[in-house]
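Just work.pdb here, PDB, C-alpha atoms:
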ATOM      1  CA  PHE A1194     -13.488  14.755 -16.203
ATOM      2  CA  ALA A1195     -11.829  17.341 -13.930
ATOM      3  CA  ALA A1196      -8.396  15.828 -14.615
ATOM      4  CA  ASP A1197      -8.898  16.399 -18.338
ATOM      5  CA  GLU A1198     -10.002  20.004 -17.893
ATOM      6  CA  CYS A1199      -7.269  21.371 -15.610
ATOM      7  CA  GLN A1200      -3.786  22.338 -16.813
ATOM      8  CA  GLU A1201      -1.622  21.666 -13.738
ATOM      9  CA  ASP A1202       1.442  19.389 -13.874
ATOM     10  CA  VAL A1203       0.422  17.410 -10.766
ATOM     11  CA  LEU A1204      -2.992  15.969  -9.965
ATOM     12  CA  VAL A1205      -4.096  15.314  -6.371
ATOM     13  CA  PHE A1206      -7.102  13.065  -5.755
ATOM     14  CA  ILE A1207      -8.637  13.279  -2.290
ATOM     15  CA  LYS A1208     -11.905  11.880  -0.928
ATOM     16  CA  ASP A1209     -14.436  14.230   0.614
ATOM     17  CA  THR A1210     -14.208  12.396   3.959
ATOM     18  CA  ILE A1211     -10.474  13.157   4.321
ATOM     19  CA  ARG A1212      -9.071  16.134   6.190
ATOM     20  CA  ALA A1213      -5.438  17.137   6.598
ATOM     21  CA  VAL A1214      -3.898  16.957  10.070
ATOM     22  CA  ILE A1215      -0.884  19.140   9.278
ATOM     23  CA  PRO A1216      -0.894  22.184   6.941
ATOM     24  CA  THR A1217       2.280  21.147   5.088
ATOM     25  CA  TRP A1218       0.910  17.772   3.980
ATOM     26  CA  LEU A1219       1.287  18.545   0.267
ATOM     27  CA  ASP A1220       4.918  19.706   0.388
ATOM     28  CA  GLY A1221       6.432  16.282   0.952
ATOM     29  CA  MET A1222       4.183  14.605  -1.604
ATOM     30  CA  LEU A1223       5.235  17.054  -4.318
ATOM     31  CA  GLY A1224       8.856  16.580  -3.326
ATOM     32  CA  HIS A1225       8.645  12.827  -3.868
ATOM     33  CA  LEU A1226       7.166  13.352  -7.318
ATOM     34  CA  GLU A1227      10.354  15.146  -8.295
ATOM     35  CA  GLY A1228      12.172  11.823  -7.986
ATOM     36  CA  GLN A1229      13.040   9.746 -11.012
ATOM     37  CA  GLN A1230      10.384   7.230 -12.084
ATOM     38  CA  VAL A1231       8.060   7.968  -9.154
ATOM     39  CA  GLY A1232       4.564   6.922 -10.143
ATOM     40  CA  VAL A1233       2.137   7.838  -7.380
ATOM     41  CA  VAL A1234       2.498   9.224  -3.834
ATOM     42  CA  GLY A1235       0.071   8.482  -1.009
ATOM     43  CA  THR A1236      -0.421   9.432   2.637
ATOM     44  CA  ARG A1237      -0.725   7.926   6.100
ATOM     45  CA  THR A1238      -4.352   7.909   7.183
ATOM     46  CA  PHE A1239      -6.084   7.172  10.458
ATOM     47  CA  HIS A1240      -9.601   7.174  11.885
ATOM     48  CA  GLN A1241     -10.977   9.747  14.287
ATOM     49  CA  ALA A1242     -10.391   7.273  17.114
ATOM     50  CA  GLY A1243      -6.631   7.539  16.541
ATOM     51  CA  ILE A1244      -6.262   4.159  14.810
ATOM     52  CA  VAL A1245      -4.254   3.840  11.607
ATOM     53  CA  THR A1246      -6.291   3.001   8.507
ATOM     54  CA  HIS A1247      -3.340   2.501   6.194
ATOM     55  CA  ALA A1248       0.224   3.563   5.475
ATOM     56  CA  GLY A1249       0.504   2.120   1.986
ATOM     57  CA  LEU A1250      -0.967  -1.038   0.493
ATOM     58  CA  ILE A1251       0.413  -4.582   0.556
ATOM     59  CA  ILE A1252      -0.482  -6.765  -2.420
ATOM     60  CA  GLN A1253       0.184 -10.482  -2.636
ATOM     61  CA  ASP A1254      -1.519 -13.219  -4.699
ATOM     62  CA  GLY A1255      -4.377 -10.939  -5.668
ATOM     63  CA  ILE A1256      -5.077  -9.940  -2.044
ATOM     64  CA  VAL A1257      -4.871  -6.313  -0.895
ATOM     65  CA  SER A1258      -4.178  -5.456   2.743
ATOM     66  CA  TRP A1259      -3.636  -2.105   4.404
ATOM     67  CA  ALA A1260      -0.177  -1.695   5.920
ATOM     68  CA  HIS A1261      -0.204  -1.039   9.693
ATOM     69  CA  ALA A1262      -4.013  -1.036   9.780
ATOM     70  CA  ASP A1263      -5.615  -1.049  13.250
ATOM     71  CA  THR A1264      -2.427   0.053  15.017
ATOM     72  CA  PRO A1265      -2.381   3.163  17.263
ATOM     73  CA  ALA A1266      -1.615   6.396  15.409
ATOM     74  CA  HIS A1267       1.367   7.012  17.714
ATOM     75  CA  SER A1268       2.953   3.658  16.794
ATOM     76  CA  THR A1269       6.072   3.755  14.633
ATOM     77  CA  GLY A1270       5.180   0.382  13.113
ATOM     78  CA  TYR A1271       7.528  -2.216  11.693
ATOM     79  CA  PHE A1272      11.048  -0.690  11.643
ATOM     80  CA  GLY A1273       9.508   2.798  11.653
ATOM     81  CA  MET A1274       7.606   2.227   8.415
ATOM     82  CA  ALA A1275       4.400   3.704   9.867
ATOM     83  CA  VAL A1276       6.064   7.113  10.261
ATOM     84  CA  LEU A1277       8.812   7.112   7.599
ATOM     85  CA  SER A1278       8.319   7.593   3.882
ATOM     86  CA  HIS A1279       9.082   4.464   1.874
ATOM     87  CA  GLN A1280       8.342   2.632  -1.350
ATOM     88  CA  VAL A1281       5.258   0.444  -1.644
ATOM     89  CA  SER A1282       3.467  -1.451  -4.387
ATOM     90  CA  ALA A1283       0.434   0.846  -4.180
ATOM     91  CA  VAL A1284      -1.142   3.613  -2.111
ATOM     92  CA  SER A1285      -4.690   4.320  -1.050
ATOM     93  CA  GLY A1286      -6.949   6.442  -3.218
ATOM     94  CA  ALA A1287      -8.099   8.310  -0.110
ATOM     95  CA  CYS A1288      -5.419  10.861  -0.983
ATOM     96  CA  LEU A1289      -2.845  10.441  -3.729
ATOM     97  CA  ALA A1290      -0.739  12.633  -6.007
ATOM     98  CA  ILE A1291       0.433  11.765  -9.497
ATOM     99  CA  ARG A1292       2.079  13.661 -12.336
ATOM    100  CA  ARG A1293      -0.260  14.554 -15.194
ATOM    101  CA  GLU A1294       1.708  12.729 -17.877
ATOM    102  CA  THR A1295       1.770   9.574 -15.751
ATOM    103  CA  PHE A1296      -1.959   9.753 -15.093
ATOM    104  CA  ASN A1297      -2.728  10.356 -18.775
ATOM    105  CA  GLU A1298      -0.876   7.156 -19.630
ATOM    106  CA  PHE A1299      -2.248   4.871 -16.891
ATOM    107  CA  ARG A1300      -5.425   6.439 -15.433
ATOM    108  CA  PHE A1301      -7.883   4.701 -13.107
ATOM    109  CA  SER A1302      -9.447   1.603 -14.595
ATOM    110  CA  ASN A1303     -13.168   1.775 -15.360
ATOM    111  CA  ASP A1304     -13.463  -1.914 -14.457
ATOM    112  CA  PHE A1305     -13.871  -1.052 -10.766
ATOM    113  CA  ASN A1306     -17.030   0.391  -9.216
ATOM    114  CA  HIS A1307     -15.832   1.664  -5.842
ATOM    115  CA  ASP A1308     -12.749  -0.149  -4.535
ATOM    116  CA  PHE A1309      -9.320  -1.477  -5.536
ATOM    117  CA  TYR A1310      -8.917   1.009  -8.403
ATOM    118  CA  ASP A1311      -6.044   2.500  -6.410
ATOM    119  CA  ALA A1312      -4.358  -0.859  -5.868
ATOM    120  CA  ASP A1313      -4.823  -1.673  -9.546
ATOM    121  CA  LEU A1314      -3.163   1.604 -10.544
ATOM    122  CA  GLY A1315      -0.244   0.939  -8.196
ATOM    123  CA  VAL A1316       0.338  -2.571  -9.510
ATOM    124  CA  ARG A1317       0.264  -1.410 -13.115
ATOM    125  CA  LEU A1318       2.761   1.345 -12.318
ATOM    126  CA  THR A1319       4.996  -1.113 -10.443
ATOM    127  CA  ARG A1320       4.899  -3.555 -13.339
ATOM    128  CA  ALA A1321       5.903  -0.716 -15.672
ATOM    129  CA  GLY A1322       8.977   0.084 -13.561
ATOM    130  CA  PHE A1323       7.661   3.041 -11.565
ATOM    131  CA  ARG A1324       8.343   3.503  -7.848
ATOM    132  CA  ASN A1325       5.315   4.293  -5.669
ATOM    133  CA  VAL A1326       5.831   6.085  -2.359
ATOM    134  CA  VAL A1327       3.775   6.507   0.796
ATOM    135  CA  ASP A1328       4.646   9.801   2.508
ATOM    136  CA  CYS A1329       3.963   9.116   6.177
ATOM    137  CA  THR A1330       4.682  12.749   7.088
ATOM    138  CA  ALA A1331       1.520  13.657   5.178
ATOM    139  CA  GLN A1332      -1.013  12.635   7.794
ATOM    140  CA  MET A1333      -4.719  12.496   7.042
ATOM    141  CA  GLN A1334      -7.791  11.765   9.098
ATOM    142  CA  ASP A1335     -10.633   9.795   7.547
ATOM    143  CA  CYS A1336     -14.014  10.821   8.942
ATOM    144  CA  ALA A1337     -15.915   8.066   7.130
ATOM    145  CA  ALA A1338     -17.148   4.980   8.931
ATOM    146  CA  PRO A1339     -15.322   1.746   8.013
ATOM    147  CA  ARG A1340     -17.126  -0.490   5.517
ATOM    148  CA  GLN A1341     -16.602  -3.777   3.737
ATOM    149  CA  PRO A1342     -14.957  -3.582   0.290
ATOM    150  CA  ASP A1343     -17.041  -4.226  -2.808
ATOM    151  CA  PHE A1344     -16.936  -7.982  -3.498
ATOM    152  CA  VAL A1345     -17.247  -7.610  -7.284
ATOM    153  CA  ASP A1346     -14.303  -5.184  -7.307
ATOM    154  CA  PHE A1347     -12.340  -7.614  -5.157
ATOM    155  CA  LYS A1348     -12.888 -10.464  -7.605
ATOM    156  CA  THR A1349     -11.974  -8.215 -10.535
ATOM    157  CA  PHE A1350      -8.707  -7.226  -8.890
ATOM    158  CA  GLN A1351      -7.904 -10.783  -7.864
ATOM    159  CA  HIS A1352      -8.481 -12.085 -11.375
ATOM    160  CA  ARG A1353      -6.296  -9.357 -12.880
ATOM    161  CA  HIS A1354      -3.363  -9.476 -10.438
ATOM    162  CA  ALA A1355      -3.336 -12.966  -8.907
ATOM    163  CA  ASP A1356       0.235 -13.423 -10.157
ATOM    164  CA  PHE A1357       1.609 -10.252  -8.576
ATOM    165  CA  VAL A1358       4.274 -10.687  -5.888
ATOM    166  CA  ASP A1359       4.804  -7.638  -3.687
ATOM    167  CA  PRO A1360       8.492  -6.706  -4.082
ATOM    168  CA  TYR A1361       8.481  -4.828  -0.775
ATOM    169  CA  LEU A1362       7.130  -7.644   1.403
ATOM    170  CA  ASN A1363       9.173 -10.451   2.931
ATOM    171  CA  LEU A1364       7.421 -13.664   1.905
ATOM    172  CA  SER A1365       7.655 -14.942   5.491
ATOM    173  CA  PHE A1366       5.225 -12.257   6.639
ATOM    174  CA  ALA A1367       1.470 -12.797   6.742
ATOM    175  CA  ALA A1368       0.427 -10.538   3.867
ATOM    176  CA  ARG A1369      -3.290 -10.566   4.681
ATOM    177  CA  THR A1370      -2.987  -8.775   8.025
ATOM    178  CA  GLY A1371      -0.853  -5.780   7.080
ATOM    179  CA  GLN A1372       0.905  -6.106  10.453
ATOM    180  CA  PHE A1373       4.283  -7.433   9.200
ATOM    181  CA  ALA A1374       3.896 -10.391  11.561
ATOM    182  CA  TYR A1375       6.075 -13.447  10.986
ATOM    183  CA  GLU A1376       4.045 -16.417   9.758
ATOM    184  CA  ILE A1377       5.229 -20.011   9.840
ATOM    185  CA  LEU A1378       3.321 -22.282   7.492
ATOM    186  CA  ALA A1379       3.688 -26.046   7.562
ATOM    187  CA  SER A1380       3.419 -26.129   3.765
ATOM    188  CA  GLN A1381       6.436 -23.828   3.413
ATOM    189  CA  ASP A1382       9.123 -26.422   4.061
ATOM    190  CA  ARG A1383      12.398 -24.770   3.041
ATOM    191  CA  HIS A1384      15.099 -26.954   1.516
ATOM    192  CA  PHE A1385      18.593 -25.496   1.420
ATOM    193  CA  GLY A1386      21.090 -26.807  -1.099
ATOM    194  CA  ALA A1387      24.812 -26.278  -1.521
ATOM    195  CA  GLY A1388      25.836 -22.645  -1.612
ATOM    196  CA  GLN A1389      22.674 -21.407   0.087
ATOM    197  CA  GLU A1390      22.843 -19.593   3.403
ATOM    198  CA  ARG A1391      20.332 -20.080   6.186
ATOM    199  CA  VAL A1392      19.232 -16.793   7.724
ATOM    200  CA  LEU A1393      17.148 -16.193  10.839
ATOM    201  CA  LEU A1394      15.089 -13.029  10.550
ATOM    202  CA  VAL A1395      14.475 -11.455  13.959
ATOM    203  CA  ASN A1396      12.046  -8.600  14.482
ATOM    204  CA  ASP A1397       9.792  -7.250  17.212
ATOM    205  CA  SER A1398       6.879  -9.521  16.258
ATOM    206  CA  LEU A1399       8.800 -12.808  16.063
ATOM    207  CA  ASP A1400       7.623 -15.384  18.588
ATOM    208  CA  LEU A1401      10.428 -17.908  19.090
ATOM    209  CA  THR A1402       8.115 -20.298  20.964
ATOM    210  CA  LYS A1403       6.682 -21.275  17.567
ATOM    211  CA  PHE A1404      10.003 -22.825  16.641
ATOM    212  CA  SER A1405      10.409 -25.087  19.678
ATOM    213  CA  PRO A1406       8.038 -25.912  22.564
ATOM    214  CA  ALA A1407      11.096 -26.004  24.823
ATOM    215  CA  LEU A1408      11.720 -22.274  24.465
TER     216      LEU A1408
END
Go ahead and render the structure in this file as structure tokens.
Amino acid sequence: FAADECQEDVLVFIKDTIRAVIPTWLDGMLGHLEGQQVGVVGTRTFHQAGIVTHAGLIIQDGIVSWAHADTPAHSTGYFGMAVLSHQVSAVSGACLAIRRETFNEFRFSNDFNHDFYDADLGVRLTRAGFRNVVDCTAQMQDCAAPRQPDFVDFKTFQHRHADFVDPYLNLSFAARTGQFAYEILASQDRHFGAGQERVLLVNDSLDLTKFSPAL
């Protein structure tokens, strides 16, 4: 209702349990919205205990996970992605900014009661060709106690977006954890044909002992 009544060009949705850590949190978010085809901009959020809640959302096979969740607030995360602004499939509704014309076209779906409306919005924007950004310089603290997501909302999201493949996630990573940890699955037997290159991805969470007991 409030979004329909106001006249501003940019709408910012923020939960009542969120408080800004730095006074310039909005500057960077508005700057990103000046970019071409930017859909929605979110923030980096952490609990009062200094533990990251999310720095963007990861969405794979109808499952939503919170990027860098449960890592220390001082951690830079995977390749600095916990502190650097970058593109993601969706951002958390704890605090997000969106241009009025974009919101008028897509809006939040009424099919969700409490949760996953933000992930649903991000996926729909991504499918439409928009780029969503998490601004990790905009740091927020969530004073609410953690809770389990609404199961009905989860099933609604999963049914709607089970086919979605996160374009910003390497398929070798375990999508459900949000930790960008390398996952080796026995069912993922890779077969390389002529003209295909074999590449070893090395990062700070890769455990080489999983490849060979001799190492």
- [ ] Find the residues around A:Asp1311 up to 8 Å (all atoms listed in the file counted), leave out those fewer than 6 positions away in its own chain, and share them as a list in words.
- [x]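 Non-adjacent residues within range: Ala1283, Val1284, Ser1285, Gly1286 and Phe1301 of chain A.
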Open item on the list: I'd like the neighbourhood of A:Asn1303 as a list in words, where a residue qualifies if any of its atoms comes within 12 Å (using only C-alpha atoms), though same-chain residues fewer than 6 positions away should be ignored.
Closed with: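 What passes the distance filter is Phe1309, Tyr1310, Asp1311, Asp1313, Leu1314, Asp1346, Thr1349 and Phe1350 of chain A.
Every protein or nucleic acid residue with an atom no more than 9 Å from A:Pro1342, counting all atoms listed in the file and leaving out same-chain residues fewer than 5 positions away, appears here: A:His1307, A:Asp1308, A:Phe1309, A:Phe1347.
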Open item on the list: For this structure, which residues satisfy the selection - the PyMOL selection byres ((chain A and resi 1324) around 8) - when it is evaluated on the file as given? I want them as a PyMOL selection string.
Closed with: chain A and resi 1230-1233+1280-1282+1318-1319+1322-1323+1325-1326
Open item on the list: Quick one: residues within 8 Å of stretch 1210-1227 of chain A, all atoms listed in the file, excluding same-chain residues fewer than 3 positions away - as a list in words?
Closed with: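 Once the nearby chain positions are removed, what remains is Ile1207, Val1231, Gly1232, Val1233, Val1234, Gly1235, Ala1287, Cys1288, Ala1290, Ile1291, Arg1292, Val1326, Asp1328, Thr1330, Ala1331, Gln1332, Met1333, Gln1334, Asp1335, Cys1336 and Ala1337 of chain A.
Using all atoms listed in the file, every residue with an atom at most 12 Å from the point (-4.5, 9.2, 15.0) is listed here: Ala1213, Val1214, Arg1237, Thr1238, Phe1239, His1240, Gln1241, Ala1242, Gly1243, Ile1244, Val1245, Thr1246, His1247, Ala1262, Asp1263, Thr1264, Pro1265, Ala1266, His1267, Ser1268, Thr1269, Ala1275, Val1276, Gln1332, Met1333, Gln1334, Asp1335 and Cys1336 of chain A.
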Task: Residue among A:Leu1362, A:Leu1277, A:Ala1260, A:Ala1312 lying closest to A:Cys1329, counting all atoms listed in the file - done: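 Of A:Leu1362, A:Leu1277, A:Ala1260, A:Ala1312, the one nearest A:Cys1329, counting all atoms listed in the file, is A:Leu1277.
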Open item on the list: the PyMOL selection byres ((chain A and resi 1252) around 8) - which residues does that actually catch in the file I just gave you? List them as number ranges by chain.
Closed with: A: 1250-1251, 1253-1258, 1282-1283, 1312, 1357-1359, 1368
Hey, could you patch up stretch 1229-1258 of chain A with N, CA and C atoms and hand it over as a PDB file, in the frame of the given file?
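Output file selection-v3.pdb is given in full below:
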ATOM      1  N   GLN A1229      13.060  10.454  -9.743  1.00  0.00           N
ATOM      2  CA  GLN A1229      13.040   9.746 -11.012  1.00  0.00           C
ATOM      3  C   GLN A1229      12.131   8.518 -10.947  1.00  0.00           C
ATOM      4  N   GLN A1230      11.269   8.385 -11.940  1.00  0.00           N
ATOM      5  CA  GLN A1230      10.384   7.230 -12.084  1.00  0.00           C
ATOM      6  C   GLN A1230       9.456   7.015 -10.893  1.00  0.00           C
ATOM      7  N   VAL A1231       9.053   8.090 -10.222  1.00  0.00           N
ATOM      8  CA  VAL A1231       8.060   7.968  -9.154  1.00  0.00           C
ATOM      9  C   VAL A1231       6.675   8.025  -9.779  1.00  0.00           C
ATOM     10  N   GLY A1232       5.874   6.995  -9.526  1.00  0.00           N
ATOM     11  CA  GLY A1232       4.564   6.922 -10.143  1.00  0.00           C
ATOM     12  C   GLY A1232       3.500   7.691  -9.387  1.00  0.00           C
ATOM     13  N   VAL A1233       3.187   7.218  -8.177  1.00  0.00           N
ATOM     14  CA  VAL A1233       2.137   7.838  -7.380  1.00  0.00           C
ATOM     15  C   VAL A1233       2.612   7.955  -5.936  1.00  0.00           C
ATOM     16  N   VAL A1234       2.130   8.981  -5.232  1.00  0.00           N
ATOM     17  CA  VAL A1234       2.498   9.224  -3.834  1.00  0.00           C
ATOM     18  C   VAL A1234       1.227   9.265  -2.997  1.00  0.00           C
ATOM     19  N   GLY A1235       1.231   8.519  -1.895  1.00  0.00           N
ATOM     20  CA  GLY A1235       0.071   8.482  -1.009  1.00  0.00           C
ATOM     21  C   GLY A1235       0.401   9.000   0.381  1.00  0.00           C
ATOM     22  N   THR A1236      -0.557   8.885   1.289  1.00  0.00           N
ATOM     23  CA  THR A1236      -0.421   9.432   2.637  1.00  0.00           C
ATOM     24  C   THR A1236      -0.671   8.367   3.698  1.00  0.00           C
ATOM     25  N   ARG A1237      -0.386   8.749   4.920  1.00  0.00           N
ATOM     26  CA  ARG A1237      -0.725   7.926   6.100  1.00  0.00           C
ATOM     27  C   ARG A1237      -2.060   8.426   6.635  1.00  0.00           C
ATOM     28  N   THR A1238      -2.997   7.517   6.802  1.00  0.00           N
ATOM     29  CA  THR A1238      -4.352   7.909   7.183  1.00  0.00           C
ATOM     30  C   THR A1238      -4.800   7.151   8.425  1.00  0.00           C
ATOM     31  N   PHE A1239      -5.545   7.835   9.265  1.00  0.00           N
ATOM     32  CA  PHE A1239      -6.084   7.172  10.458  1.00  0.00           C
ATOM     33  C   PHE A1239      -7.497   7.654  10.739  1.00  0.00           C
ATOM     34  N   HIS A1240      -8.224   6.848  11.518  1.00  0.00           N
ATOM     35  CA  HIS A1240      -9.601   7.174  11.885  1.00  0.00           C
ATOM     36  C   HIS A1240      -9.625   8.225  12.994  1.00  0.00           C
ATOM     37  N   GLN A1241     -10.800   8.752  13.244  1.00  0.00           N
ATOM     38  CA  GLN A1241     -10.977   9.747  14.287  1.00  0.00           C
ATOM     39  C   GLN A1241     -10.609   9.203  15.662  1.00  0.00           C
ATOM     40  N   ALA A1242     -10.716   7.886  15.825  1.00  0.00           N
ATOM     41  CA  ALA A1242     -10.391   7.273  17.114  1.00  0.00           C
ATOM     42  C   ALA A1242      -8.880   7.161  17.334  1.00  0.00           C
ATOM     43  N   GLY A1243      -8.076   7.604  16.378  1.00  0.00           N
ATOM     44  CA  GLY A1243      -6.631   7.539  16.541  1.00  0.00           C
ATOM     45  C   GLY A1243      -6.041   6.198  16.148  1.00  0.00           C
ATOM     46  N   ILE A1244      -6.726   5.459  15.283  1.00  0.00           N
ATOM     47  CA  ILE A1244      -6.262   4.159  14.810  1.00  0.00           C
ATOM     48  C   ILE A1244      -5.894   4.273  13.329  1.00  0.00           C
ATOM     49  N   VAL A1245      -4.731   3.750  12.985  1.00  0.00           N
ATOM     50  CA  VAL A1245      -4.254   3.840  11.607  1.00  0.00           C
ATOM     51  C   VAL A1245      -5.168   3.052  10.667  1.00  0.00           C
ATOM     52  N   THR A1246      -5.533   3.674   9.556  1.00  0.00           N
ATOM     53  CA  THR A1246      -6.291   3.001   8.507  1.00  0.00           C
ATOM     54  C   THR A1246      -5.338   2.325   7.537  1.00  0.00           C
ATOM     55  N   HIS A1247      -4.340   3.055   7.103  1.00  0.00           N
ATOM     56  CA  HIS A1247      -3.340   2.501   6.194  1.00  0.00           C
ATOM     57  C   HIS A1247      -2.135   3.435   6.098  1.00  0.00           C
ATOM     58  N   ALA A1248      -1.003   2.825   5.796  1.00  0.00           N
ATOM     59  CA  ALA A1248       0.224   3.563   5.475  1.00  0.00           C
ATOM     60  C   ALA A1248       0.841   2.846   4.280  1.00  0.00           C
ATOM     61  N   GLY A1249       0.119   2.874   3.169  1.00  0.00           N
ATOM     62  CA  GLY A1249       0.504   2.120   1.986  1.00  0.00           C
ATOM     63  C   GLY A1249      -0.286   0.830   1.890  1.00  0.00           C
ATOM     64  N   LEU A1250      -0.247   0.210   0.730  1.00  0.00           N
ATOM     65  CA  LEU A1250      -0.967  -1.038   0.493  1.00  0.00           C
ATOM     66  C   LEU A1250       0.014  -2.185   0.267  1.00  0.00           C
ATOM     67  N   ILE A1251      -0.352  -3.354   0.770  1.00  0.00           N
ATOM     68  CA  ILE A1251       0.413  -4.582   0.556  1.00  0.00           C
ATOM     69  C   ILE A1251      -0.401  -5.469  -0.372  1.00  0.00           C
ATOM     70  N   ILE A1252       0.236  -5.984  -1.418  1.00  0.00           N
ATOM     71  CA  ILE A1252      -0.482  -6.765  -2.420  1.00  0.00           C
ATOM     72  C   ILE A1252       0.256  -8.066  -2.668  1.00  0.00           C
ATOM     73  N   GLN A1253      -0.435  -9.173  -2.469  1.00  0.00           N
ATOM     74  CA  GLN A1253       0.184 -10.482  -2.636  1.00  0.00           C
ATOM     75  C   GLN A1253      -0.871 -11.484  -3.097  1.00  0.00           C
ATOM     76  N   ASP A1254      -0.611 -12.173  -4.200  1.00  0.00           N
ATOM     77  CA  ASP A1254      -1.519 -13.219  -4.699  1.00  0.00           C
ATOM     78  C   ASP A1254      -2.931 -12.711  -4.921  1.00  0.00           C
ATOM     79  N   GLY A1255      -3.066 -11.496  -5.388  1.00  0.00           N
ATOM     80  CA  GLY A1255      -4.377 -10.939  -5.668  1.00  0.00           C
ATOM     81  C   GLY A1255      -5.122 -10.429  -4.455  1.00  0.00           C
ATOM     82  N   ILE A1256      -4.467 -10.410  -3.288  1.00  0.00           N
ATOM     83  CA  ILE A1256      -5.077  -9.940  -2.044  1.00  0.00           C
ATOM     84  C   ILE A1256      -4.471  -8.590  -1.665  1.00  0.00           C
ATOM     85  N   VAL A1257      -5.324  -7.639  -1.318  1.00  0.00           N
ATOM     86  CA  VAL A1257      -4.871  -6.313  -0.895  1.00  0.00           C
ATOM     87  C   VAL A1257      -5.084  -6.160   0.610  1.00  0.00           C
ATOM     88  N   SER A1258      -4.044  -5.760   1.319  1.00  0.00           N
ATOM     89  CA  SER A1258      -4.178  -5.456   2.743  1.00  0.00           C
ATOM     90  C   SER A1258      -3.594  -4.074   2.995  1.00  0.00           C
TER      91      SER A1258
END
